[in-house]
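Visitor: structure19.txt is reproduced in full below (compact mmCIF, C-alpha atoms).
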# COMPACT_ATOMS: atom_id res chain seq x y z
CA MET A 1 0.00 0.00 0.00
CA LEU A 2 1.11 3.56 -0.75
CA PHE A 3 0.13 6.89 0.80
CA THR A 4 -1.40 7.76 -2.57
CA ASP A 5 -3.98 5.00 -1.95
CA LEU A 6 -5.33 6.55 1.26
CA GLY A 7 -7.32 9.51 -0.05
CA LEU A 8 -4.92 12.25 1.02
CA SER A 9 -4.76 15.49 -0.96
CA GLU A 10 -1.87 16.56 -3.17
CA PRO A 11 -0.47 19.19 -0.73
CA ILE A 12 -0.24 16.59 2.03
CA LEU A 13 1.20 13.92 -0.26
CA ARG A 14 3.82 16.41 -1.46
CA ALA A 15 4.95 17.07 2.11
CA ILE A 16 5.13 13.32 2.82
CA ALA A 17 7.17 12.74 -0.34
CA GLU A 18 9.60 15.49 0.60
CA GLU A 19 10.33 13.61 3.81
CA GLY A 20 11.21 10.57 1.70
CA TYR A 21 8.27 8.34 2.61
CA THR A 22 6.05 6.36 0.25
CA SER A 23 4.31 3.61 2.27
CA PRO A 24 2.38 3.86 5.55
CA THR A 25 3.17 1.80 8.64
CA PRO A 26 0.46 -0.69 9.79
CA ILE A 27 -1.07 1.76 12.29
CA GLN A 28 -1.18 4.48 9.63
CA ALA A 29 -2.74 2.18 7.05
CA LYS A 30 -5.54 1.39 9.49
CA SER A 31 -6.03 4.67 11.33
CA ILE A 32 -5.93 7.13 8.41
CA PRO A 33 -9.04 5.69 6.67
CA ALA A 34 -10.79 5.34 10.05
CA VAL A 35 -10.22 9.00 10.96
CA LEU A 36 -11.26 10.18 7.49
CA LYS A 37 -14.64 8.45 7.99
CA GLY A 38 -15.36 10.89 10.81
CA GLY A 39 -16.14 8.37 13.55
CA ASP A 40 -14.53 7.85 16.93
CA LEU A 41 -11.37 5.73 17.20
CA LEU A 42 -9.71 3.71 19.96
CA ALA A 43 -6.22 2.66 18.93
CA ALA A 44 -3.52 0.72 20.80
CA ALA A 45 -0.08 1.49 19.41
CA GLN A 46 3.29 2.02 21.01
CA THR A 47 5.63 4.93 20.43
CA GLY A 48 7.63 4.23 17.29
CA THR A 49 4.85 2.58 15.30
CA GLY A 50 3.96 5.77 13.44
CA LYS A 51 0.84 6.65 15.40
CA THR A 52 1.50 10.41 15.37
CA ALA A 53 1.21 10.61 11.60
CA GLY A 54 -1.64 8.14 11.91
CA PHE A 55 -3.81 10.94 13.27
CA THR A 56 -2.08 14.14 12.07
CA LEU A 57 -2.31 13.24 8.36
CA PRO A 58 -6.07 12.52 8.28
CA ILE A 59 -6.78 15.50 10.55
CA LEU A 60 -4.98 17.80 8.11
CA GLN A 61 -7.00 16.22 5.31
CA ARG A 62 -10.31 16.72 7.10
CA LEU A 63 -9.60 20.36 7.93
CA THR A 64 -8.59 21.24 4.37
CA SER A 65 -11.62 19.51 2.84
CA THR A 66 -14.17 21.24 5.09
CA LYS A 67 -14.10 24.98 5.79
CA PRO A 68 -15.95 26.79 8.63
CA SER A 69 -19.27 28.21 7.44
CA SER A 70 -18.32 31.61 8.86
CA GLY A 71 -15.27 31.76 6.62
CA LYS A 72 -13.15 32.70 9.65
CA ARG A 73 -10.23 30.70 11.02
CA LEU A 74 -11.52 28.71 14.00
CA LEU A 75 -9.79 26.45 16.51
CA ARG A 76 -11.20 23.11 15.32
CA VAL A 77 -8.73 20.50 16.58
CA LEU A 78 -7.34 19.91 20.09
CA ILE A 79 -4.54 17.37 20.61
CA LEU A 80 -3.74 16.58 24.25
CA THR A 81 -0.44 14.92 25.20
CA PRO A 82 1.02 13.99 28.61
CA THR A 83 4.46 15.60 28.31
CA ARG A 84 6.13 18.71 26.91
CA GLU A 85 8.47 16.65 24.73
CA LEU A 86 5.65 14.68 23.13
CA ALA A 87 3.66 17.88 22.56
CA ALA A 88 6.63 19.39 20.73
CA GLN A 89 7.02 16.24 18.62
CA VAL A 90 3.33 16.25 17.64
CA GLN A 91 3.49 19.94 16.73
CA GLU A 92 6.56 19.25 14.60
CA SER A 93 4.62 16.55 12.74
CA VAL A 94 1.66 18.90 12.17
CA VAL A 95 3.96 21.61 10.81
CA THR A 96 5.98 19.22 8.63
CA TYR A 97 3.02 17.55 6.91
CA GLY A 98 0.74 20.57 6.90
CA LYS A 99 3.18 23.07 5.40
CA TYR A 100 1.32 23.28 2.06
CA THR A 101 -2.20 23.30 3.53
CA GLY A 102 -2.33 26.87 4.85
CA LEU A 103 -3.42 25.62 8.27
CA LYS A 104 -2.06 27.24 11.43
CA SER A 105 -1.12 25.45 14.64
CA THR A 106 0.79 26.01 17.85
CA VAL A 107 1.87 24.07 20.91
CA ILE A 108 1.41 25.09 24.55
CA PHE A 109 2.93 23.53 27.67
CA GLY A 110 4.18 24.53 31.10
CA GLY A 111 7.71 25.32 32.17
CA VAL A 112 8.03 28.32 29.86
CA GLY A 113 6.45 31.75 29.74
CA ALA A 114 2.79 31.85 28.74
CA ASN A 115 2.76 35.21 26.91
CA PRO A 116 4.13 33.95 23.55
CA GLN A 117 1.63 31.08 23.69
CA ILE A 118 -1.24 33.47 24.42
CA LYS A 119 -0.23 35.67 21.46
CA ALA A 120 -0.06 32.65 19.15
CA ILE A 121 -3.57 31.59 20.14
CA ALA A 122 -4.94 35.13 19.77
CA SER A 123 -3.58 35.37 16.23
CA GLY A 124 -5.91 32.58 15.12
CA LEU A 125 -5.40 28.81 14.94
CA ASP A 126 -6.82 25.69 13.33
CA ILE A 127 -4.98 23.15 15.53
CA LEU A 128 -3.82 23.39 19.16
CA VAL A 129 -1.40 20.86 20.68
CA ALA A 130 -1.34 21.07 24.47
CA THR A 131 -0.50 19.49 27.77
CA PRO A 132 -3.49 19.46 30.17
CA GLY A 133 -2.06 21.71 32.89
CA ARG A 134 -1.09 24.65 30.67
CA LEU A 135 -4.33 24.39 28.69
CA LEU A 136 -6.44 24.62 31.86
CA ASP A 137 -4.32 27.55 33.03
CA LEU A 138 -5.00 29.51 29.82
CA MET A 139 -8.66 28.50 29.86
CA SER A 140 -9.01 29.92 33.37
CA GLN A 141 -7.62 33.23 32.03
CA ASN A 142 -10.10 33.16 29.12
CA CYS A 143 -7.18 33.07 26.69
CA VAL A 144 -8.46 30.10 24.73
CA SER A 145 -11.93 28.99 23.66
CA LEU A 146 -12.79 25.39 22.83
CA ASN A 147 -16.30 26.15 21.59
CA ASP A 148 -15.56 25.22 17.97
CA ILE A 149 -13.54 22.03 18.50
CA GLU A 150 -14.52 19.36 15.97
CA ILE A 151 -11.80 16.78 16.65
CA LEU A 152 -10.25 15.81 20.01
CA VAL A 153 -7.13 13.63 20.23
CA LEU A 154 -5.91 12.07 23.47
CA ASP A 155 -2.39 10.88 22.67
CA GLU A 156 -0.69 8.35 24.95
CA ALA A 157 -3.78 8.33 27.12
CA ASP A 158 -2.36 5.56 29.32
CA ARG A 159 0.56 7.77 30.29
CA MET A 160 -1.80 10.67 31.01
CA LEU A 161 -3.69 8.48 33.46
CA ASP A 162 -0.42 7.26 35.01
CA MET A 163 0.62 10.88 35.56
CA GLY A 164 -2.66 11.73 37.31
CA PHE A 165 -4.25 13.85 34.58
CA LEU A 166 -7.70 12.23 34.71
CA ARG A 167 -9.30 15.10 36.64
CA ASP A 168 -7.74 17.67 34.28
CA ILE A 169 -8.96 15.73 31.25
CA LYS A 170 -12.51 15.67 32.61
CA LYS A 171 -12.43 19.45 33.13
CA ILE A 172 -11.29 19.96 29.54
CA LEU A 173 -13.92 17.56 28.17
CA ALA A 174 -16.62 19.54 29.95
CA ALA A 175 -15.62 22.64 27.97
CA LEU A 176 -15.84 20.94 24.57
CA PRO A 177 -18.86 20.75 22.22
CA LYS A 178 -20.73 17.48 22.71
CA LYS A 179 -20.78 16.82 18.98
CA ARG A 180 -17.20 16.05 17.94
CA GLN A 181 -14.89 13.30 16.75
CA ASN A 182 -12.79 11.65 19.46
CA LEU A 183 -9.52 9.82 18.82
CA LEU A 184 -7.90 7.99 21.73
CA PHE A 185 -4.41 6.51 21.35
CA SER A 186 -2.82 4.35 24.03
CA ALA A 187 0.02 1.84 24.30
CA THR A 188 -2.32 -0.57 26.08
CA PHE A 189 -6.01 -1.37 26.44
CA SER A 190 -5.87 -1.41 30.24
CA THR A 191 -8.95 -1.48 32.47
CA GLU A 192 -8.52 2.25 33.16
CA ILE A 193 -8.25 3.06 29.45
CA LYS A 194 -11.36 1.02 28.66
CA ALA A 195 -13.25 2.90 31.39
CA LEU A 196 -12.12 6.25 29.96
CA ALA A 197 -13.05 5.15 26.44
CA ASP A 198 -16.51 3.99 27.55
CA GLY A 199 -17.30 7.45 28.87
CA LEU A 200 -15.71 9.36 25.99
CA LEU A 201 -16.12 7.45 22.73
CA ASN A 202 -19.24 6.75 20.71
CA ALA A 203 -19.20 3.35 18.95
CA PRO A 204 -15.47 3.65 18.23
CA GLU A 205 -13.56 1.69 15.64
CA LEU A 206 -10.93 -0.44 17.38
CA ILE A 207 -7.37 -0.75 16.10
CA GLU A 208 -4.56 -2.64 17.81
CA VAL A 209 -1.00 -2.76 16.46
CA ALA A 210 2.14 -4.15 18.12
CA ARG A 211 0.79 -5.35 21.47
CA SER A 212 2.41 -3.68 24.48
CA ASN A 213 4.09 -6.90 25.61
CA SER A 214 5.89 -7.50 22.32
CA ALA A 215 9.31 -6.22 21.37
CA ASN A 216 10.32 -5.12 17.87
CA GLU A 217 12.15 -7.95 16.11
CA ALA A 218 14.52 -5.37 14.58
CA ILE A 219 15.94 -4.73 18.08
CA ALA A 220 18.80 -6.91 19.31
CA GLN A 221 18.37 -7.26 23.08
CA LEU A 222 21.27 -8.13 25.38
CA ILE A 223 21.81 -8.35 29.15
CA HIS A 224 25.20 -7.56 30.74
CA PRO A 225 25.30 -8.86 34.35
CA VAL A 226 27.38 -6.46 36.47
CA ASP A 227 27.78 -5.30 40.07
CA ARG A 228 25.89 -2.11 40.91
CA THR A 229 29.14 -0.23 41.61
CA LYS A 230 30.57 -1.12 38.20
CA LYS A 231 27.63 -0.02 36.06
CA HIS A 232 29.11 3.36 35.23
CA PRO A 233 32.58 2.03 34.29
CA LEU A 234 30.93 -0.67 32.15
CA LEU A 235 28.74 1.85 30.32
CA ALA A 236 31.75 4.06 29.60
CA HIS A 237 33.66 0.99 28.38
CA LEU A 238 30.81 -0.03 26.03
CA ILE A 239 30.50 3.47 24.56
CA GLN A 240 34.23 3.96 24.05
CA SER A 241 35.28 0.46 22.97
CA ASN A 242 32.40 0.15 20.49
CA ASP A 243 32.70 3.77 19.33
CA TRP A 244 29.01 4.42 19.94
CA LYS A 245 28.08 7.86 18.59
CA GLN A 246 24.52 8.17 19.89
CA VAL A 247 23.04 6.32 22.87
CA LEU A 248 19.88 6.96 24.88
CA VAL A 249 20.43 5.88 28.51
CA PHE A 250 17.60 5.26 30.98
CA THR A 251 17.97 5.68 34.73
CA ARG A 252 15.40 5.04 37.43
CA THR A 253 15.75 8.39 39.22
CA LYS A 254 16.50 12.04 38.47
CA HIS A 255 19.37 11.94 40.94
CA GLY A 256 20.79 8.90 39.17
CA ALA A 257 20.59 10.68 35.81
CA ASN A 258 22.47 13.74 37.10
CA LYS A 259 25.14 11.62 38.79
CA LEU A 260 25.70 9.51 35.66
CA VAL A 261 26.09 12.59 33.44
CA THR A 262 28.78 13.93 35.78
CA GLN A 263 30.61 10.60 35.67
CA LEU A 264 30.40 10.26 31.86
CA GLU A 265 31.62 13.83 31.33
CA LYS A 266 34.72 13.02 33.44
CA ASP A 267 35.31 10.10 31.06
CA GLY A 268 35.25 12.47 28.10
CA ILE A 269 31.80 11.32 26.92
CA THR A 270 29.57 14.28 26.06
CA SER A 271 26.31 13.86 27.98
CA MET A 272 23.25 15.71 29.23
CA ALA A 273 20.31 14.69 31.41
CA ILE A 274 16.64 15.16 30.68
CA HIS A 275 14.12 14.85 33.51
CA GLY A 276 11.34 16.68 35.32
CA ASN A 277 13.62 18.85 37.47
CA LYS A 278 15.28 20.38 34.41
CA SER A 279 13.90 23.64 33.05
CA GLN A 280 12.05 23.37 29.76
CA SER A 281 14.78 25.34 27.98
CA ALA A 282 17.41 22.88 29.28
CA ARG A 283 15.34 19.88 28.20
CA THR A 284 14.75 21.33 24.74
CA LYS A 285 18.45 22.09 24.30
CA ALA A 286 19.51 18.61 25.44
CA LEU A 287 17.16 16.92 23.00
CA ALA A 288 18.14 19.20 20.11
CA ASP A 289 21.87 18.68 20.78
CA PHE A 290 21.37 14.92 20.95
CA LYS A 291 19.46 14.84 17.66
CA ALA A 292 22.16 17.00 16.05
CA GLY A 293 24.93 14.61 17.14
CA LYS A 294 26.50 17.09 19.57
CA LEU A 295 25.98 14.67 22.47
CA THR A 296 27.01 11.04 22.64
CA ALA A 297 24.72 10.16 25.56
CA LEU A 298 21.30 11.50 26.52
CA VAL A 299 20.43 10.27 30.02
CA ALA A 300 16.71 10.22 30.71
CA THR A 301 14.06 9.13 33.17
CA ASP A 302 10.95 7.36 31.86
CA ILE A 303 8.56 10.31 32.16
CA ALA A 304 10.93 12.79 30.52
CA ALA A 305 11.75 10.41 27.66
CA ARG A 306 8.11 9.80 26.75
CA GLY A 307 7.64 11.12 23.22
CA ILE A 308 11.31 11.29 22.29
CA ASP A 309 11.25 10.55 18.57
CA ILE A 310 14.65 10.15 16.90
CA ASP A 311 15.02 8.56 13.49
CA GLN A 312 17.47 5.67 13.28
CA LEU A 313 18.62 5.84 16.92
CA PRO A 314 21.14 2.97 17.09
CA HIS A 315 21.54 2.27 20.82
CA VAL A 316 19.38 2.26 23.96
CA VAL A 317 20.86 1.32 27.34
CA ASN A 318 18.87 0.43 30.45
CA TYR A 319 21.35 1.63 33.07
CA ASP A 320 18.63 0.73 35.58
CA LEU A 321 15.81 -1.67 34.78
CA PRO A 322 12.39 0.01 35.08
CA ASN A 323 10.09 -0.58 38.04
CA VAL A 324 7.22 -1.35 35.63
CA SER A 325 7.91 -4.16 33.16
CA GLU A 326 5.88 -2.55 30.35
CA ASP A 327 8.22 0.45 30.45
CA TYR A 328 11.03 -1.83 29.26
CA VAL A 329 9.20 -2.30 25.95
CA HIS A 330 8.54 1.45 25.68
CA ARG A 331 12.20 2.22 26.36
CA ILE A 332 13.75 -0.16 23.84
CA GLY A 333 11.13 0.86 21.28
CA ARG A 334 13.06 4.12 20.84
CA THR A 335 15.44 2.18 18.60
CA GLY A 336 14.84 -0.24 15.70
CA ARG A 337 12.38 2.10 13.98
CA ALA A 338 11.39 2.64 10.38
CA GLY A 339 13.03 -0.53 9.12
CA SER A 340 16.44 0.16 10.72
CA ASN A 341 18.10 -2.17 13.23
CA GLY A 342 18.80 -1.21 16.82
CA VAL A 343 20.55 -2.52 19.90
CA ALA A 344 19.06 -2.47 23.41
CA VAL A 345 21.51 -3.26 26.22
CA SER A 346 20.56 -3.66 29.89
CA LEU A 347 23.06 -3.47 32.75
CA VAL A 348 21.61 -5.75 35.41
CA CYS A 349 22.89 -6.08 38.98
CA VAL A 350 21.80 -8.54 41.65
CA ASP A 351 19.19 -6.08 42.95
CA GLU A 352 17.33 -6.29 39.63
CA HIS A 353 17.10 -10.05 39.06
CA GLN A 354 13.39 -10.16 39.91
CA MET A 355 12.73 -7.20 37.61
CA LEU A 356 14.51 -9.06 34.81
CA ARG A 357 12.40 -12.18 35.41
CA ASP A 358 9.23 -10.05 35.27
CA ILE A 359 10.31 -8.46 31.98
CA GLU A 360 11.13 -11.83 30.42
CA LYS A 361 7.74 -13.15 31.53
CA LEU A 362 6.02 -10.14 29.95
CA ILE A 363 7.78 -10.36 26.59
CA LYS A 364 7.69 -14.18 26.65
CA GLN A 365 11.36 -14.67 25.88
CA LYS A 366 14.61 -15.36 27.70
CA LEU A 367 17.03 -12.53 27.01
CA PRO A 368 20.62 -13.47 26.11
CA GLN A 369 23.29 -12.60 28.69
CA GLU A 370 26.94 -11.73 28.17
CA VAL A 371 29.45 -11.04 30.92
CA ILE A 372 32.05 -8.47 29.83
CA ALA A 373 35.65 -9.34 30.73
CA GLY A 374 36.86 -7.14 33.57
CA PHE A 375 33.31 -6.49 34.78
CA GLU A 376 32.37 -9.93 36.10
CA PRO A 377 29.75 -9.67 38.86
CA ASP A 378 30.55 -10.91 42.36
CA PRO A 379 28.76 -14.28 42.73
CA ASN A 380 28.41 -13.64 46.47
CA ALA A 381 26.79 -10.20 46.10
CA VAL A 382 23.60 -9.76 48.13
CA ALA A 383 20.60 -7.88 46.73
CA GLN A 384 19.63 -4.59 48.36
CA PRO A 385 16.09 -3.15 48.29
CA ILE A 386 16.04 -0.69 45.41
CA GLN A 387 13.46 1.61 46.99
CA LEU A 388 15.58 1.88 50.16
CA ARG A 389 18.65 2.92 48.17
CA SER A 390 16.56 5.47 46.26
CA GLN A 391 15.40 7.01 49.55
CA GLN A 392 18.98 7.23 50.78
CA HIS A 393 19.90 9.07 47.61
CA GLN A 394 17.12 11.56 48.18
CA GLN A 395 18.19 12.15 51.79
CA SER A 396 21.81 12.73 50.83
CA ARG A 397 21.09 15.16 48.02
CA LYS A 398 22.40 18.68 48.21
CA PRO A 399 20.13 21.52 47.05
CA ARG A 400 20.21 21.74 43.28
CA PRO A 401 20.90 25.18 41.79
CA ALA A 402 17.93 26.72 40.07
CA GLY A 403 17.66 26.19 36.34
CA SER A 404 18.11 29.06 33.96
CA GLY A 405 14.43 29.01 33.06
CA GLY A 406 13.26 31.50 30.48
CA VAL A 407 11.55 31.04 27.18
CA PRO A 408 13.50 28.94 24.69
CA ALA A 409 14.01 30.13 21.16
CA LYS A 410 11.64 28.80 18.57
CA LYS A 411 12.52 25.17 18.00
CA ALA A 412 14.66 24.50 14.97
CA PRO A 413 14.72 20.71 14.54
CA ALA A 414 18.03 19.21 13.56
CA LYS A 415 18.29 18.01 9.99
CA ARG A 416 17.67 14.30 10.01
CA SER A 417 19.38 11.68 7.98
CA SER A 418 17.41 10.44 4.98
CA PRO A 419 14.78 7.97 6.20
CA PRO A 420 14.05 4.69 4.44
CA LYS A 421 11.59 4.85 1.57
CA ARG A 422 9.24 2.13 2.79
CA SER A 423 7.60 3.56 5.89
CA PHE A 424 8.04 6.13 8.64
CA ASN A 425 7.54 6.29 12.35
CA ARG A 426 6.47 9.83 13.08
Take the structure in the file and write it out as structure tokens.

Guide:
Amino acid sequence: MLFTDLGLSEPILRAIAEEGYTSPTPIQAKSIPAVLKGGDLLAAAQTGTGKTAGFTLPILQRLTSTKPSSGKRLLRVLILTPTRELAAQVQESVVTYGKYTGLKSTVIFGGVGANPQIKAIASGLDILVATPGRLLDLMSQNCVSLNDIEILVLDEADRMLDMGFLRDIKKILAALPKKRQNLLFSATFSTEIKALADGLLNAPELIEVARSNSANEAIAQLIHPVDRTKKHPLLAHLIQSNDWKQVLVFTRTKHGANKLVTQLEKDGITSMAIHGNKSQSARTKALADFKAGKLTALVATDIAARGIDIDQLPHVVNYDLPNVSEDYVHRIGRTGRAGSNGVAVSLVCVDEHQMLRDIEKLIKQKLPQEVIAGFEPDPNAVAQPIQLRSQQHQQSRKPRPAGSGGVPAKKAPAKRSSPPKRSFNR
């Protein structure tokens, strides 16, 4: 199947072609026709399957094919996302594929000044991408009206519920017109997601692609057993001996991310951390530098990394295994995209053996293990409670200097390498 078979207009197809893509991914092939029909949609798809374009492309098509009766530009589409990074990625997709449509969009989120966002909304929009907190803030100031919304998208709805946004979502829903199209995207069809869908969606079409407990076959997964005190030296050894140029590293805590960056920098490995305690300007700069190849390692926590979308990312390292097994699949799904191969390495100490067993049970496979010479784990090591060690870290922390804050410059995405012609994952 080709994008030309999906009923998209020439301006949209031209933008897709300029990005080097010809064929849709499975989620796009299913969701684009469903959204164009105008009905509600409930879709289960992980990050990296192409779900963002799965809703942005048909939304752009619908807006260009139907104009407001008043002839004025009206805010007709609201896309809600759980994190600032994902909101920025969605906005980038809207801009990229809507550049020949004449449609206007903007993104709003917390952590930066609100005035530029207020001005952008006041100038007139067709599409608004937002995180719930900042949207409610601007609604309370009467800076944004949702009276003309025709399409609502809840992206990564499972993560929004995990982050405690349910009450905010309900407040936003109450301000929307009752007659509208609702699109709900989630990595899983959990009980909580089904309950939200039951109250929100009207006879939705159901789409499920790449179940949440399956790992991409294009990703080579490997476990390196190691003592907890040797994780940092092992990571530095892997990066330097293998000449890794770009690696996304996951830690369990913000403190752990900061500490690891300091250690890697002393080893001569350019690194930055991205987590909730960083100012938005710092997070934006870290992600942009990583995409541009200015950083070798981007160290992230799970929440901050949600929505990171990097074409052909070669390496992901689980410095710490995640507390929630499903997050392992989300993490390693950052690599092995769009037909390219990827490597996911996990550094596992004795404290994490049960976590590893839980992950292997979830993905229904035994992960290969390789002990690296010089980093052999102590066979007599005794496991320590991970939560206890995390609390000790928090108690021993010194006050962190305030971030620089401020409003970042308008995002200028780094030029990406040419993607494969067959499909794309945005």

Visitor: Residues within 12 Å of A:Pro132, please, as a PyMOL selection string. Count all atoms listed in the file; anything in the same chain fewer than 2 positions from it doesn't count.

Guide: chain A and resi 78-84+87+107-110+128-130+134-139+154-155+157+160-161+163-173

Visitor: How far is it from atom CA of A:Val261 to atom CA of A:Gly333, in Å with one decimal?

Guide: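 It comes out at 22.6 Å.
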
Visitor: In terms of the shortest atom-to-atom distance over only C-alpha atoms, which of A:Leu6, A:Leu234, A:Leu206, A:Cys349 is closest to A:Gln263?

Guide: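 Of A:Leu6, A:Leu234, A:Leu206, A:Cys349, the one nearest A:Gln263 is A:Leu234, counting only C-alpha atoms.
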
Visitor: In Å, rounded to a single decimal, give me how far atom CA of A:Val90 is from atom CA of A:Ser23.

Guide: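 Answer for the atom CA of A:Ser23 to atom CA of A:Val90 separation: 19.9 Å.
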
Visitor: Pull the closest atom pair for each residue of stretch 93-156 of chain A that gets at most 9 Å from stretch 62-70 of chain A, along with the distance in Å to one decimal, counting all atoms listed in the file, ordering rows by chain and then ascending residue number, as a tab-separated table.

Guide:
residue	atom	partner	partner_atom	distance
A:Thr101	CA	A:Thr64	CA	6.8
A:Gly102	CA	A:Thr64	CA	8.4
A:Leu103	CA	A:Thr64	CA	7.8
A:Asp126	CA	A:Leu63	CA	8.1

Visitor: Determine the nearest neighbour of A:Val329 from the options A:Ile207, A:Ile118, A:Ile219, A:Ala383, counting all atoms listed in the file.

Guide: A:Ile219

Visitor: Would you list the contacts of A:Pro225 as a list in words, taking every protein, DNA or RNA residue within 10 Å and counting only C-alpha atoms, but skipping same-chain residues closer than 5 positions in sequence?

Guide: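 Counting only C-alpha atoms, the residues come to Lys231, Ser346, Leu347, Val348, Cys349, Val350, Glu352, His353, Gln369, Glu370, Val371, Ile372, Phe375, Glu376, Pro377 and Asp378 of chain A.
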
Visitor: Write out the residues from the selection above, keeping C-alpha atoms, as a CSV table (one decimal), in the coordinates of the input.

Guide:
chain,number,residue,atom,x,y,z
A,231,LYS,CA,27.6,0.0,36.1
A,346,SER,CA,20.6,-3.7,29.9
A,347,LEU,CA,23.1,-3.5,32.8
A,348,VAL,CA,21.6,-5.8,35.4
A,349,CYS,CA,22.9,-6.1,39.0
A,350,VAL,CA,21.8,-8.5,41.6
A,352,GLU,CA,17.3,-6.3,39.6
A,353,HIS,CA,17.1,-10.0,39.1
A,369,GLN,CA,23.3,-12.6,28.7
A,370,GLU,CA,26.9,-11.7,28.2
A,371,VAL,CA,29.4,-11.0,30.9
A,372,ILE,CA,32.0,-8.5,29.8
A,375,PHE,CA,33.3,-6.5,34.8
A,376,GLU,CA,32.4,-9.9,36.1
A,377,PRO,CA,29.8,-9.7,38.9
A,378,ASP,CA,30.6,-10.9,42.4

Visitor: In terms of the shortest atom-to-atom distance over all atoms listed in the file, which of A:Leu260, A:Ala282, A:Ala17, A:Leu42 is closest to A:Val112?

Guide: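 Residue with the minimum atom-to-atom distance to A:Val112: A:Ala282.
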
Visitor: State, in Å with one decimal place, the distance from atom CA of A:Ile193 to atom CA of A:Ala175.

Guide: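 Atom CA of A:Ile193 sits 21.0 Å away from atom CA of A:Ala175.
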
Visitor: Excluding same-chain residues fewer than 6 positions from stretch 246-257 of chain A, what lies within 8 Å of it counting all atoms listed in the file, as a PyMOL selection string?

Guide: chain A and resi 273-277+290+293+295-302+313-323+331+390+393-394+397

Visitor: Could the centre and edge lengths of an axis-aligned box, enclosing all atoms of stretch 278-286 of chain A in the file with 3 Å extra on each side, be given in Å to one decimal as lines of an AutoDock Vina configuration file?

Guide:
center_x = 15.8
center_y = 22.0
center_z = 29.4
size_x = 13.5
size_y = 12.7
size_z = 16.1

Visitor: From the list A:Gln117, A:Gln181, A:Ile12, A:Glu208, which residue is nearest A:Ile27 when using only C-alpha atoms?

Guide: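 With only C-alpha atoms as the atom set, the closest residue is A:Glu208.
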
Visitor: Please list as an MDAnalysis selection string every residue within 8 Å of A:Phe55, counting only C-alpha atoms and excluding residues in the same chain fewer than 5 positions away.

Guide: chainID A and resid 28 31:32 35

Visitor: List as a list in words: which residues have an atom within 6 Å of (3.1, 15.0, 10.1), counting only C-alpha atoms?

Guide: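 Result, sorted by chain then residue number: Ala53, Thr56, Leu57, Ser93, Val94, Thr96 and Tyr97 of chain A.
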
Visitor: Could you check which of A:Leu75, A:Ala44, A:Leu356, A:Leu222 is closest to A:Ser190, using only C-alpha atoms?

Guide: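 Using only C-alpha atoms, the shortest distance to A:Ser190 belongs to A:Ala44.
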
Visitor: If we count all atoms listed in the file, what is near A:Ile121 at a cut-off of 9 Å, once residues fewer than 5 positions away on the same chain are taken out, given as a ChimeraX atom specification?

Guide: /A:75,105-106,116,128,143-144

Visitor: Which is closest to A:Asp267 among A:Leu183, A:Leu41, A:Leu60, A:Ala236, if we use only C-alpha atoms?

Guide: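 Ranked by minimum distance to A:Asp267, first place goes to A:Ala236.
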